[in-house]
Amino acid sequence: MVVKKPRIVIIGAGMAGLTAANKLCTAQKDGEAFELCVFEGGSRIGGRINTSEFGGDRIEMGATWIHGILNSPVYKIAQEIDGLKSEKPWECMDGFLDEPVTIAEGGLEVSPSLVEVITSLFNSLMDFAQGKNVEFQENVAAKAFLDCGSDRPSLGCFLRNGLEAYWDLVKNGEEDVGWSRKLLEEAIFAMHENTQRTYTSAGDLMNLDYTAESEYMMFPGEEITIAKGYMSIIESIASVLPAGLIQLGRKVEKIEWQQPSSCLGTTRPVKLHFSDGTTFSADHVIVTVSLGVLKDRIRDESSMFSPPLPSFKNQAISKLGYGVVNKLFLQVSTSDDQETSELSKFPFLQMAFHQSDSKLKNPDIPWWLRRTAYISPIYKKSSVVLAWLAGKEALALESLDDEEILDKVSTTISSFLSSPAKLNNGNGSSLGSYEGKELKFTKVLRTKWGSDPLFMGSYSYVAVGSSGDDIDNLAEPLPENGSSSPPLQILFAGEATHRTRYSTTHGAYFSGLREANRLLKYYKCISDL
């Protein structure tokens, strides 16, 4: 009787899937312990990592940052492949190393000292929520927490209560160009809230669980981007895989699992059904699709899993948060064909908007831009500027045409930097002048993670009503322990399955290692019997 080698299938060729494949391939002494396949529904590898080019610069359409360089596996790989240096300009965001310019709606440049006070308040509240600064103005932080009135309050509630507690301690000054000190402080605070929305992908911080903040872990050290692009990391991880192991354009529609235990040794217990009508059988399947796809598929009557996932798994998928974050790139040019280096005068601009219910707000600024915290060159002297949008604003961006985006962003920026915008039909939208230079936006590129059926969003967060336990439940393999069916039929990896490092590429990396090691340990145990 010929003994079949275990067949392991990985669904998804992003960071988690490729890391698992890399580990399984390199762990085999003779390279023949397993049959291994990676099926990717799209036309490229990388998943939510996608390095591209715009305006002559290297940009990231997806994952952008190494979040802390000390002990980061991503940073280690980048060092090994010499990926941290590049002759080609890239999205390094070095301008934020200096003091950004903060301007309030209507053109009022805000005093750096005022910005610093509110920035310090916001950062201290975040540190307190994350357990880093438990002694911070105890009366402010404690009151902010108690006023939330819940065992598991939202981060948004805590932050707003912290601002209110701060106001109770200070006196507000006179009005300045329609702005009172209190209104300015609120707008600056909201600016930081909106940045936090893009960090977490929570469209509304009132939906972001406060308690989970202290469980979330970051690597120490600075946060940097990758000079040669995040795809260089993906390509390095995939480079050890044999040719043909990754199959593109293979979208899985259904996963049949938990066959009777009597089939063990004669029939592979998991059967994959593809969108082209073909099928493929396996002993183990590592599912690395996004939480957004899982959410969509458990709502669909023709569920991705047959039989359907157990209730504990469905509840975890339903309760955890998963949001949309999009990046908006625009190319800036000058009306007199000045050299690109002259565009270094475009500021690293932080924008303090009037709140949505204010009668003072400019009606020409669209609602989908009002919760954008900044628009800035991707590096000093770049002609490419970048803004981040989250939540419903990010989704709205996906449905707009390029001309409307150019028009509305130009109108908005001109209200901050100069005289009202002048529209040049067919040639981009004028921003007026900034420090004597006539500037205009001429090209636009935006990401569309929310409407992409392979991702249906950007990354996960712990929503109010969920907890880290739900992340652990999502990561639990099927069938459950104690089942008489063949073990480890379906395993789950991806950033949303890592309890303390969700939403990151290194979280996805660690989850891929975890599931690969789970299978390696399982087969080592079998061989030891």
# chains A, B, ... in the order shown; residues from 1 in each chain; ligands from 1

call {"tool": "residues_around", "arguments": {"residues": "stretch 322-325 of chain A", "least_positions_apart": "2", "cutoff": "10 Å", "atoms": "only C-alpha atoms", "output": "number ranges by chain"}}
result
A: 62, 197-204, 290-292, 295, 317-320, 327, 388-395, 447-451, 455-463, 496, 503

call {"tool": "residues_around", "arguments": {"residues": "stretch 347-358 of chain A", "least_positions_apart": "4", "cutoff": "10 Å", "atoms": "only C-alpha atoms", "output": "PyMOL selection string"}}
result
chain A and resi 93-96+98-110+179+183-192+343+362+365+367+369-381+385-387+412-413+416-417+434

call {"tool": "select_by_dssp", "arguments": {"residues": "stretch 82-314 of chain A", "states": "helix (DSSP H, G or I)", "output": "PyMOL selection string"}}
result
chain A and resi 94-97+112-129+138-146+155-169+181-200+205-207+211-214+231-238+261-263+291-299+311-314

call {"tool": "write_last_selection", "arguments": {"atoms": "C-alpha atoms", "output": "mmCIF file, in the first residue's frame"}}
result
data_model
loop_
_atom_site.group_PDB
_atom_site.id
_atom_site.type_symbol
_atom_site.label_atom_id
_atom_site.label_comp_id
_atom_site.auth_asym_id
_atom_site.auth_seq_id
_atom_site.Cartn_x
_atom_site.Cartn_y
_atom_site.Cartn_z
ATOM 1 C CA ASP A 94 10.762 62.320 6.440
ATOM 2 C CA GLY A 95 9.021 65.685 6.718
ATOM 3 C CA PHE A 96 7.276 64.577 9.864
ATOM 4 C CA LEU A 97 10.650 64.519 11.566
ATOM 5 C CA PRO A 112 2.905 75.639 17.656
ATOM 6 C CA SER A 113 2.666 76.067 21.416
ATOM 7 C CA LEU A 114 -1.106 75.532 21.338
ATOM 8 C CA VAL A 115 -0.730 72.531 19.055
ATOM 9 C CA GLU A 116 1.865 71.102 21.432
ATOM 10 C CA VAL A 117 -0.420 71.447 24.471
ATOM 11 C CA ILE A 118 -3.265 69.512 22.845
ATOM 12 C CA THR A 119 -0.927 67.030 21.171
ATOM 13 C CA SER A 120 0.677 66.318 24.539
ATOM 14 C CA LEU A 121 -2.763 65.874 26.117
ATOM 15 C CA PHE A 122 -3.855 63.451 23.398
ATOM 16 C CA ASN A 123 -0.620 61.448 23.513
ATOM 17 C CA SER A 124 -0.758 61.259 27.304
ATOM 18 C CA LEU A 125 -4.322 59.960 27.197
ATOM 19 C CA MET A 126 -3.293 57.341 24.635
ATOM 20 C CA ASP A 127 -0.316 56.339 26.777
ATOM 21 C CA PHE A 128 -2.618 55.980 29.773
ATOM 22 C CA ALA A 129 -5.061 53.835 27.776
ATOM 23 C CA GLU A 138 -4.650 61.113 37.558
ATOM 24 C CA ASN A 139 -7.651 63.389 38.020
ATOM 25 C CA VAL A 140 -7.995 63.835 34.245
ATOM 26 C CA ALA A 141 -7.480 60.208 33.165
ATOM 27 C CA ALA A 142 -9.425 58.670 36.042
ATOM 28 C CA LYS A 143 -12.372 61.002 35.454
ATOM 29 C CA ALA A 144 -12.239 60.259 31.729
ATOM 30 C CA PHE A 145 -12.458 56.532 32.393
ATOM 31 C CA LEU A 146 -15.141 56.694 35.090
ATOM 32 C CA LEU A 155 -11.517 54.489 23.338
ATOM 33 C CA GLY A 156 -13.456 57.337 21.740
ATOM 34 C CA CYS A 157 -15.487 57.878 24.903
ATOM 35 C CA PHE A 158 -12.333 57.890 27.033
ATOM 36 C CA LEU A 159 -10.560 60.399 24.776
ATOM 37 C CA ARG A 160 -13.497 62.812 24.628
ATOM 38 C CA ASN A 161 -13.997 62.626 28.379
ATOM 39 C CA GLY A 162 -10.299 63.342 28.779
ATOM 40 C CA LEU A 163 -10.663 66.497 26.706
ATOM 41 C CA GLU A 164 -13.660 67.577 28.785
ATOM 42 C CA ALA A 165 -11.721 66.930 32.000
ATOM 43 C CA TYR A 166 -8.858 69.039 30.650
ATOM 44 C CA TRP A 167 -11.249 71.892 29.874
ATOM 45 C CA ASP A 168 -12.508 71.761 33.438
ATOM 46 C CA LEU A 169 -8.989 72.686 34.538
ATOM 47 C CA ARG A 181 -9.353 78.895 22.021
ATOM 48 C CA LYS A 182 -11.738 76.077 22.920
ATOM 49 C CA LEU A 183 -12.841 75.527 19.307
ATOM 50 C CA LEU A 184 -9.215 75.430 18.174
ATOM 51 C CA GLU A 185 -8.344 72.932 20.883
ATOM 52 C CA GLU A 186 -11.252 70.729 19.899
ATOM 53 C CA ALA A 187 -10.264 70.876 16.211
ATOM 54 C CA ILE A 188 -6.644 69.952 17.003
ATOM 55 C CA PHE A 189 -7.806 67.140 19.274
ATOM 56 C CA ALA A 190 -10.124 65.879 16.498
ATOM 57 C CA MET A 191 -7.166 65.999 14.107
ATOM 58 C CA HIS A 192 -5.342 63.501 16.317
ATOM 59 C CA GLU A 193 -8.492 61.394 16.673
ATOM 60 C CA ASN A 194 -8.685 61.189 12.896
ATOM 61 C CA THR A 195 -5.075 60.078 12.685
ATOM 62 C CA GLN A 196 -5.921 57.390 15.251
ATOM 63 C CA ARG A 197 -8.796 56.268 13.036
ATOM 64 C CA THR A 198 -6.330 55.542 10.228
ATOM 65 C CA TYR A 199 -3.957 53.774 12.633
ATOM 66 C CA THR A 200 -6.686 51.435 13.845
ATOM 67 C CA LEU A 205 -13.409 55.572 17.765
ATOM 68 C CA MET A 206 -16.630 55.141 19.739
ATOM 69 C CA ASN A 207 -16.612 51.594 18.325
ATOM 70 C CA THR A 211 -9.533 47.719 27.266
ATOM 71 C CA ALA A 212 -7.836 46.129 24.269
ATOM 72 C CA GLU A 213 -5.498 49.120 23.923
ATOM 73 C CA SER A 214 -3.420 47.953 26.879
ATOM 74 C CA MET A 231 7.007 44.009 -1.854
ATOM 75 C CA SER A 232 10.736 43.353 -1.488
ATOM 76 C CA ILE A 233 9.916 41.629 1.819
ATOM 77 C CA ILE A 234 7.202 39.520 0.181
ATOM 78 C CA GLU A 235 9.488 38.590 -2.721
ATOM 79 C CA SER A 236 12.215 37.551 -0.292
ATOM 80 C CA ILE A 237 9.851 35.290 1.680
ATOM 81 C CA ALA A 238 8.487 33.749 -1.525
ATOM 82 C CA SER A 261 -13.033 9.659 10.738
ATOM 83 C CA SER A 262 -13.306 6.345 8.902
ATOM 84 C CA CYS A 263 -11.964 8.116 5.843
ATOM 85 C CA LEU A 291 -11.550 39.168 8.289
ATOM 86 C CA GLY A 292 -13.611 41.263 5.885
ATOM 87 C CA VAL A 293 -13.997 38.313 3.523
ATOM 88 C CA LEU A 294 -14.895 36.006 6.425
ATOM 89 C CA LYS A 295 -17.517 38.490 7.620
ATOM 90 C CA ASP A 296 -19.027 38.670 4.162
ATOM 91 C CA ARG A 297 -19.055 34.927 3.646
ATOM 92 C CA ILE A 298 -20.722 34.021 6.952
ATOM 93 C CA ARG A 299 -23.528 36.450 6.046
ATOM 94 C CA SER A 311 -21.049 29.203 16.574
ATOM 95 C CA PHE A 312 -18.006 30.264 18.609
ATOM 96 C CA LYS A 313 -16.127 30.919 15.371
ATOM 97 C CA ASN A 314 -18.992 32.807 13.724
#

call {"tool": "closest_atom_pairs", "arguments": {"of": "stretch 4-88 of chain A", "to": "stretch 480-495 of chain A", "cutoff": "8 Å", "atoms": "only C-alpha atoms", "output": "Markdown table"}}
result
| residue | atom | partner | partner_atom | distance |
| --- | --- | --- | --- | --- |
| A:Met15 | CA | A:Gly494 | CA | 7.8 |
| A:Ala16 | CA | A:Gly494 | CA | 5.2 |
| A:Gly17 | CA | A:Ala493 | CA | 7.5 |

call {"tool": "closest_residue", "arguments": {"among": "A:Pro479, A:Gly55, A:Gly68, A:Gly12", "to": "A:Met218", "atoms": "only C-alpha atoms"}}
result
A:Gly68

call {"tool": "decode", "arguments": {"residues": "stretch 205-221 of chain A", "atoms": "all heavy atoms", "output": "compact mmCIF listing (two decimals), in the first residue's frame"}}
result
# COMPACT_ATOMS: atom_id res chain seq x y z
N LEU A 205 -14.11 56.02 16.56
CA LEU A 205 -13.41 55.57 17.77
C LEU A 205 -14.36 55.19 18.88
O LEU A 205 -13.96 54.52 19.84
CB LEU A 205 -12.45 56.67 18.25
CG LEU A 205 -11.29 57.01 17.31
CD1 LEU A 205 -10.37 58.04 17.96
CD2 LEU A 205 -10.50 55.78 16.90
N MET A 206 -15.63 55.57 18.76
CA MET A 206 -16.63 55.14 19.74
C MET A 206 -16.91 53.64 19.61
O MET A 206 -17.50 53.04 20.50
CB MET A 206 -17.94 55.92 19.55
CG MET A 206 -17.82 57.40 19.91
SD MET A 206 -17.45 57.64 21.66
CE MET A 206 -17.33 59.44 21.74
N ASN A 207 -16.45 53.04 18.52
CA ASN A 207 -16.61 51.59 18.33
C ASN A 207 -15.34 50.81 18.66
O ASN A 207 -15.31 49.59 18.51
CB ASN A 207 -17.00 51.30 16.86
CG ASN A 207 -18.37 51.84 16.51
OD1 ASN A 207 -19.24 51.94 17.37
ND2 ASN A 207 -18.56 52.22 15.26
N LEU A 208 -14.29 51.49 19.11
CA LEU A 208 -13.01 50.87 19.38
C LEU A 208 -12.89 50.57 20.87
O LEU A 208 -12.99 51.47 21.70
CB LEU A 208 -11.87 51.79 18.93
CG LEU A 208 -10.45 51.27 19.04
CD1 LEU A 208 -10.24 50.05 18.15
CD2 LEU A 208 -9.46 52.37 18.66
N ASP A 209 -12.66 49.32 21.21
CA ASP A 209 -12.63 48.91 22.61
C ASP A 209 -11.46 49.53 23.35
O ASP A 209 -10.31 49.47 22.90
CB ASP A 209 -12.55 47.38 22.69
CG ASP A 209 -12.59 46.87 24.13
OD1 ASP A 209 -13.66 46.97 24.74
OD2 ASP A 209 -11.55 46.39 24.62
N TYR A 210 -11.73 50.14 24.51
CA TYR A 210 -10.70 50.78 25.32
C TYR A 210 -9.76 49.75 25.95
O TYR A 210 -8.54 49.90 25.94
CB TYR A 210 -11.36 51.63 26.41
CG TYR A 210 -10.41 52.14 27.46
CD1 TYR A 210 -9.74 53.35 27.29
CD2 TYR A 210 -10.19 51.43 28.64
CE1 TYR A 210 -8.86 53.83 28.25
CE2 TYR A 210 -9.31 51.90 29.61
CZ TYR A 210 -8.65 53.10 29.41
OH TYR A 210 -7.78 53.56 30.36
N THR A 211 -10.32 48.69 26.51
CA THR A 211 -9.53 47.72 27.27
C THR A 211 -8.47 47.05 26.41
O THR A 211 -7.36 46.76 26.88
CB THR A 211 -10.46 46.65 27.87
OG1 THR A 211 -11.49 47.29 28.62
CG2 THR A 211 -9.70 45.71 28.78
N ALA A 212 -8.78 46.82 25.15
CA ALA A 212 -7.84 46.13 24.27
C ALA A 212 -6.58 46.95 24.01
O ALA A 212 -5.54 46.39 23.62
CB ALA A 212 -8.52 45.79 22.94
N GLU A 213 -6.66 48.28 24.19
CA GLU A 213 -5.50 49.12 23.92
C GLU A 213 -4.30 48.71 24.76
O GLU A 213 -3.15 48.76 24.30
CB GLU A 213 -5.83 50.60 24.18
CG GLU A 213 -6.68 51.24 23.12
CD GLU A 213 -6.00 51.26 21.76
OE1 GLU A 213 -4.86 51.77 21.67
OE2 GLU A 213 -6.59 50.76 20.79
N SER A 214 -4.53 48.31 26.00
CA SER A 214 -3.42 47.95 26.88
C SER A 214 -2.86 46.57 26.57
O SER A 214 -1.77 46.21 27.04
CB SER A 214 -3.86 48.01 28.35
OG SER A 214 -4.93 47.10 28.59
N GLU A 215 -3.58 45.79 25.77
CA GLU A 215 -3.11 44.46 25.40
C GLU A 215 -2.32 44.48 24.09
O GLU A 215 -1.49 43.61 23.85
CB GLU A 215 -4.30 43.50 25.29
CG GLU A 215 -3.90 42.04 25.20
CD GLU A 215 -5.08 41.09 25.31
OE1 GLU A 215 -6.23 41.56 25.22
OE2 GLU A 215 -4.85 39.89 25.47
N TYR A 216 -2.59 45.47 23.27
CA TYR A 216 -1.93 45.59 21.98
C TYR A 216 -0.44 45.87 22.18
O TYR A 216 -0.06 46.66 23.03
CB TYR A 216 -2.57 46.73 21.19
CG TYR A 216 -2.12 46.86 19.76
CD1 TYR A 216 -2.66 46.05 18.77
CD2 TYR A 216 -1.17 47.80 19.39
CE1 TYR A 216 -2.28 46.17 17.45
CE2 TYR A 216 -0.77 47.94 18.07
CZ TYR A 216 -1.32 47.13 17.11
OH TYR A 216 -0.94 47.25 15.80
N MET A 217 0.42 45.22 21.40
CA MET A 217 1.87 45.35 21.58
C MET A 217 2.53 45.94 20.35
O MET A 217 2.20 45.59 19.22
CB MET A 217 2.48 43.97 21.89
CG MET A 217 2.03 43.36 23.19
SD MET A 217 2.73 41.70 23.45
CE MET A 217 4.49 42.10 23.52
N MET A 218 3.45 46.85 20.59
CA MET A 218 4.28 47.43 19.53
C MET A 218 5.73 47.03 19.78
O MET A 218 6.14 46.84 20.92
CB MET A 218 4.17 48.95 19.52
CG MET A 218 2.79 49.48 19.17
SD MET A 218 2.51 49.50 17.39
CE MET A 218 3.53 50.89 16.91
N PHE A 219 6.51 46.93 18.72
CA PHE A 219 7.94 46.75 18.91
C PHE A 219 8.56 48.09 19.30
O PHE A 219 8.13 49.15 18.84
CB PHE A 219 8.60 46.26 17.62
CG PHE A 219 8.32 44.83 17.31
CD1 PHE A 219 7.56 44.48 16.20
CD2 PHE A 219 8.81 43.82 18.12
CE1 PHE A 219 7.30 43.15 15.89
CE2 PHE A 219 8.55 42.48 17.83
CZ PHE A 219 7.80 42.15 16.72
N PRO A 220 9.59 48.08 20.15
CA PRO A 220 10.27 49.32 20.48
C PRO A 220 11.05 49.85 19.28
O PRO A 220 11.26 49.15 18.29
CB PRO A 220 11.22 48.93 21.62
CG PRO A 220 11.01 47.50 21.89
CD PRO A 220 10.14 46.93 20.82
N GLY A 221 11.49 51.09 19.39
CA GLY A 221 12.29 51.70 18.33
C GLY A 221 11.45 52.48 17.35
O GLY A 221 10.23 52.52 17.42
